[in-house]
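Student: Pasting a structure below so you can have a look.
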Amino acid sequence: MKAVIFRVFRFDPTKDEKPCFKEYEITLTKGMTILEALIYIKEKIDPTLSFRASCRMGVCGSCAMYINGKPRLACYNQVEDLKSSVVSVAPLPNYPVIRDLVPDLGSLFQKHTHIKPYIIRPDREEMENPTGQFVMTPHQLDEFIQFSYCIKCGACLAACPTVASDPAFLGPQALAQAYRYIADVRDAGAEIRIKILDTAHGPFRCHFAGACTDACPKAVDPALGVQYLKKHMFFGRKQKPSGVKPLAKEHVPNKKYPAPPERTAK
Amino acid sequence: MEKGNVKTLPRSLGIRGWIWAGRYGLERWAYLFHRITGLALIIYLPMHLVVTGLRLLGPGPWEAFVRFSHHPVVLFFEWALMVAFLYHAINGFRLLLTELFGLSIGKPAHPHIPPHTSLKRQRPFNIVLMVLGALFIVLSVLDFFVWR
Amino acid sequence: MKERHWWLLFIIAAACIIVTLAIHMFLMHMGTVLGWLGITVSDPLAWESTLARSKQIGMAIILFVLLTAGLFHGLYGLRGILIEWIKNPVAQKAITWLVAIFGVVAYAWGLVVLFGVYTMGG
């Protein structure tokens with residue numbers, strides 16, 4: 001079968017001052033994914049190669065890498081589909097590199113946490129001890145469900161031209177998730193989130209280049225979320241169809257919760 | 001850069017990340033040209049305000065400037081500015097409709113593989129506007145250089 | 001004024017500019033195309049022609065709108081680009097203020113020219 005050259009970004013912080021690219025020649029097997037090729041390199045050629053991978057089926061988001069000029073999931077793309085005899089594999093850009101193909105995704109998670117990615121409601125007692133279900137029609141679900149498919153792989157921030165130069169920009173993932181919660185009929189935190197978003201580095205530094213949507217492996221289409229978020233900040237309805245009114249402040253309970261039960265497995 | 005006790009290598013694309021639109025779609029290149037034309041226009045504007053202010057000094061200095069502007073190189077730059085305005089206005093019109101009103105990008109729905117993304121949905125609208133822009137640019141070439 | 005209000009003004013200014021700058025550009029440079037629409041402008045850059053045009057109230061209003069919207073839109077966009085580029089938060093605030101001050105100065109100059117030519121004798 002075909003032989004393909006893999007040019008892999010290598011950087012060892014304990015030894016190297018600068019990164020370099022090392023070449024490995026792989027004989028393809030049918031249906032071989034880029035992740036399988038990297039695992040082959042690690043097992044048979046160079047055990048010092050480091051990369052993240054877990055589910056190997058495109059649901060965990062661990063193996064996002066910069067492959068032939070585009071952020072992709074290594075497990076979700078076959079080498080043959082790249083139609084190239086040289087495959088260049090590098091860590092995701094716009095994140096610092098810890099080692100080889102492993103990026104430091106701290107900024108991604110910190111920006112995500114910043115926009116309060118959870119349902120905010122006034123009736124905390126009902127949320128803790130529900131007496132019924134929160135009713136949501138299929139149409140109401142459709143308004144945000146695609147954004148909830150995000151696997152936090154980080155490819156969209158790697159693709160975004162604004163994230164490339166502006167570290168304070170929240171990025172397509174956080175902004176699309178902010179819209180996911182604002183559009184959710186159960187959520188009352190729209191005003192709280194808009195206060196967080198309405199800064200010089202919020203959704204208005206997005207210029208709809210759409211690279212995030214191109215890069216997203218799960219068809220989340222974050223660009224759509226950001227544009228709807230901008231629209232919502234001017235034309236959004238205040239009260240949700242379910243009757244939930246927006247909260248001005250997040251209610252933080254001051255009752256102490258009981259400690260978690262003792263671990264039985266030691 | 002230290003993080004805890006782990007040394008990390010910075011890897012931001014920086015301004016290269018604006019410029020190299022690589023393997024992404026048409027809209028990513030549209031963003032790049034929108035930025036370039038916008039910078040060209042805002043750099044030109046203060047100069048234009050100063051130059052048109054020459055009229056306050058009477059016909060003499062103004063006519064001297066007009067003679068200067070007939071020079072072929074200056075004419076070429078004026079045409080380039082016209083193209084920059086045409087591109088920026090037409091692409092900007094598309095951005096106005098999609099960013100503020102959410103027109104042509106479709107509604108959120110269940111995800112679909114292959115994805116029906118917002119970019120694919122607004123692509124026909126984008127193409128129509130690009131054709132319109134090309135038409136105006138051709139007209140501008142004619143009006144600036146051929147029909148003078 | 002929050003960021004989203006400035007951005008909305010930026011968009012409204014863009015809409016104004018598309019109309020007014022198109023009129024201005026076409027009048028100045030696209031004589032043949034205007035001819036097809038039935039508008040004849042002979043030698044738009046000549047002294048008499050530009051003076052006569054600048055003294056018409058309609059043209060003066062169009063140019064006033066263009067000046068206001070154009071400076072605001074362009075400088076807000078420039079400020080956006082600069083704060084994406086420059087990372088220090090203090091520097092970003094300084095840039096916002098500098099761009100605003102430059103805008104006010106340029107606007108004042110533009111108004112002086114606009115009004116000066118409008119009221120010019122001859």
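Following the order of the structure tokens, chains are lettered A, B, ..., residues in each are numbered from 1, and ligands are numbered from 1.
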Mind checking which residues fall within 7 Å of segment 97-109 of chain C, counting only C-alpha atoms, ignoring those fewer than 2 positions away in the same chain, and posting them as a list in words?

Tutor: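 After dropping sequence-adjacent residues, the list is Leu71, Leu75, Arg79, Lys93, Ala94, Ile95, Leu111, Val112 and Val113 of chain C.
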
Student: Store the residues picked out above in a file with C-alpha atoms, as an mmCIF file, in the first residue's frame.

Tutor:
data_model
loop_
_atom_site.group_PDB
_atom_site.id
_atom_site.type_symbol
_atom_site.label_atom_id
_atom_site.label_comp_id
_atom_site.auth_asym_id
_atom_site.auth_seq_id
_atom_site.Cartn_x
_atom_site.Cartn_y
_atom_site.Cartn_z
ATOM 1 C CA LEU C 71 -15.092 59.252 10.623
ATOM 2 C CA LEU C 75 -12.096 55.112 13.523
ATOM 3 C CA ARG C 79 -9.687 50.996 17.135
ATOM 4 C CA LYS C 93 -7.756 52.043 26.887
ATOM 5 C CA ALA C 94 -5.190 54.632 25.817
ATOM 6 C CA ILE C 95 -5.691 53.721 22.162
ATOM 7 C CA LEU C 111 -16.848 70.842 9.774
ATOM 8 C CA VAL C 112 -14.686 73.941 9.348
ATOM 9 C CA VAL C 113 -14.019 73.005 5.712
#

Student: As a VMD selection string, please: every residue in segment 139-261 of chain A that DSSP puts in alpha helix (DSSP H).

Tutor: chain A and resid 139 to 142 155 to 159 161 to 165 171 to 183 190 to 197 211 to 215 222 to 235

Student: Output as CSV one row per residue of chain C within 8 Å of chain B: the closest atom pair and its distance in Å to one decimal place, counting only C-alpha atoms, sorted by chain and residue number ascending.

Tutor:
residue,atom,partner,partner_atom,distance
C:Ile11,CA,B:Leu96,CA,6.9
C:Ala14,CA,B:Gly92,CA,7.8
C:Ala15,CA,B:Phe93,CA,7.8
C:Ile18,CA,B:Ala89,CA,5.9
C:Met25,CA,B:Met82,CA,7.4
C:His29,CA,B:Phe144,CA,6.9
C:Met30,CA,B:Asp143,CA,5.6
C:Gly31,CA,B:Asp143,CA,7.1
C:Thr32,CA,B:Asp143,CA,6.2
C:Val33,CA,B:Asp143,CA,7.4
C:Leu45,CA,B:Val66,CA,6.7
C:Ala46,CA,B:Glu63,CA,7.0
C:Trp47,CA,B:Pro59,CA,5.9
C:Leu71,CA,B:Leu45,CA,7.8
C:Gly74,CA,B:Ile42,CA,5.3
C:Leu75,CA,B:Ile42,CA,7.0
C:Gly77,CA,B:Gly38,CA,7.7
C:Leu78,CA,B:Leu39,CA,7.0
C:Trp85,CA,B:Ile15,CA,7.5
C:Ala106,CA,B:Pro46,CA,7.0
C:Trp109,CA,B:Leu49,CA,7.8
C:Gly110,CA,B:Leu49,CA,6.2
C:Val113,CA,B:Gly53,CA,5.4
C:Gly116,CA,B:Leu56,CA,6.6
C:Val117,CA,B:Leu56,CA,6.4
C:Met120,CA,B:Leu56,CA,8.0

Student: Kindly save the residues from that selection, with C-alpha atoms included, as a tab-separated table (two decimals), in the first residue's frame.

Tutor:
chain	number	residue	atom	x	y	z
C	11	ILE	CA	-23.44	49.58	11.88
C	14	ALA	CA	-22.07	51.88	7.77
C	15	ALA	CA	-25.55	51.96	6.31
C	18	ILE	CA	-23.00	53.01	1.72
C	25	MET	CA	-17.75	58.59	-5.38
C	29	HIS	CA	-15.39	59.63	-10.70
C	30	MET	CA	-18.06	57.74	-12.57
C	31	GLY	CA	-19.28	60.39	-15.01
C	32	THR	CA	-20.21	58.01	-17.80
C	33	VAL	CA	-22.28	55.76	-15.52
C	45	LEU	CA	-12.97	68.47	-9.97
C	46	ALA	CA	-12.77	71.91	-11.55
C	47	TRP	CA	-12.95	74.86	-9.17
C	71	LEU	CA	-15.09	59.25	10.62
C	74	GLY	CA	-13.59	54.18	10.18
C	75	LEU	CA	-12.10	55.11	13.52
C	77	GLY	CA	-13.02	49.91	13.03
C	78	LEU	CA	-9.42	51.06	13.34
C	85	TRP	CA	-3.32	43.66	17.94
C	106	ALA	CA	-10.61	65.52	12.43
C	109	TRP	CA	-11.54	70.27	10.85
C	110	GLY	CA	-14.03	68.64	8.49
C	113	VAL	CA	-14.02	73.00	5.71
C	116	GLY	CA	-16.23	77.35	5.09
C	117	VAL	CA	-16.81	76.23	1.52
C	120	MET	CA	-17.54	80.98	0.59

Student: Taking only C-alpha atoms into account, find every residue of chain A that has an atom no more than 6 Å from chain C, and write it out as a list in words.

Tutor: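 Contact residues on the first chain: Ser165, Asp166, Asp198 and Thr199 of chain A.
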
Student: Output as number ranges by chain all residues of segment 33-138 of chain A that backbone DSSP marks as strand (DSSP E or B).

Tutor: A: 33, 64-67, 70-73, 78, 86-90, 97-99, 102-103

Student: Need the shell around Ala60 of chain C: protein/DNA/RNA residues with any atom at most 8 Å away, counting only C-alpha atoms. Skip same-chain ones fewer than 6 positions apart. Format as an MDAnalysis selection string?

Tutor: chainID C and resid 54 114 118

Student: For chain A, which residue among B:Val51, B:Leu9, B:Ile137, B:Met130 is the nearest when counting only C-alpha atoms?

Tutor: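 Closest to chain A, using only C-alpha atoms: B:Leu9.
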
Student: Chain A near chain B within 6 Å: what's each residue's closest atom pair and its distance in Å to one decimal, counting only C-alpha atoms, ordered by chain then ascending residue number, as CSV?

Tutor:
residue,atom,partner,partner_atom,distance
A:Pro93,CA,B:Arg11,CA,5.7
A:Asn94,CA,B:Ser12,CA,4.0
A:Tyr95,CA,B:Arg11,CA,5.8
A:Pro96,CA,B:Pro10,CA,4.3
A:Val97,CA,B:Leu9,CA,4.8
A:Ile98,CA,B:Thr8,CA,4.7
A:Asp142,CA,B:Ala109,CA,4.9
A:Glu143,CA,B:Pro108,CA,5.4
A:Gln146,CA,B:Pro111,CA,5.3
A:Pro161,CA,B:Trp18,CA,4.8
A:Ala164,CA,B:Gly14,CA,4.8
A:Ser165,CA,B:Gly14,CA,4.1
A:Ala209,CA,B:Arg28,CA,4.3
A:Ala211,CA,B:Tyr24,CA,5.8
A:Ala219,CA,B:Pro115,CA,5.3
A:Asp221,CA,B:Thr117,CA,5.9
A:Leu224,CA,B:Ser118,CA,5.8
A:Gln227,CA,B:Glu99,CA,5.0
A:Lys231,CA,B:Leu100,CA,5.1

Student: Rounded to one decimal in Å, what is the spacing between atom CA of Leu92 of chain A and atom CA of Gly202 of chain A?

Tutor: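 Between these atoms lies a distance of 22.2 Å.
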
Student: Mind checking which residues fall within 8 Å of Ser242 of chain A, counting only C-alpha atoms, ignoring those fewer than 3 positions away in the same chain, and posting them as a PyMOL selection string?

Tutor: chain A and resi 135+185-186

Student: Create the file for the chosen residues now, containing N, CA and C atoms and written as a short mmCIF file (atom, residue, chain, number, x, y, z; two decimals), in the first residue's frame.

Tutor:
data_model
loop_
_atom_site.label_atom_id
_atom_site.label_comp_id
_atom_site.auth_asym_id
_atom_site.auth_seq_id
_atom_site.Cartn_x
_atom_site.Cartn_y
_atom_site.Cartn_z
N VAL A 135 -40.81 21.84 31.15
CA VAL A 135 -41.37 21.50 29.85
C VAL A 135 -40.67 22.29 28.76
N VAL A 185 -34.81 27.84 26.95
CA VAL A 185 -36.00 28.39 27.59
C VAL A 185 -35.98 28.23 29.10
N ARG A 186 -35.18 27.30 29.61
CA ARG A 186 -35.16 27.09 31.06
C ARG A 186 -34.29 28.13 31.77
#

Student: Which is closest to Ile120 of chain A among A:Arg99, A:Arg193, A:Lys15, A:Lys70, if we use only C-alpha atoms?

Tutor: A:Arg193

Student: Find the residue from C:Leu34, C:Ile23, C:Ala91, C:Val41 that sits nearest to Met59 of chain C; use only C-alpha atoms when measuring.

Tutor: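 Of C:Leu34, C:Ile23, C:Ala91, C:Val41, the one nearest Met59 of chain C, counting only C-alpha atoms, is C:Ile23.
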
Student: Return the single residue from A:Val4, A:Gln133, A:Ala200, A:Thr29 that is closest to Met1 of chain C, with distances computed using only C-alpha atoms.

Tutor: A:Ala200
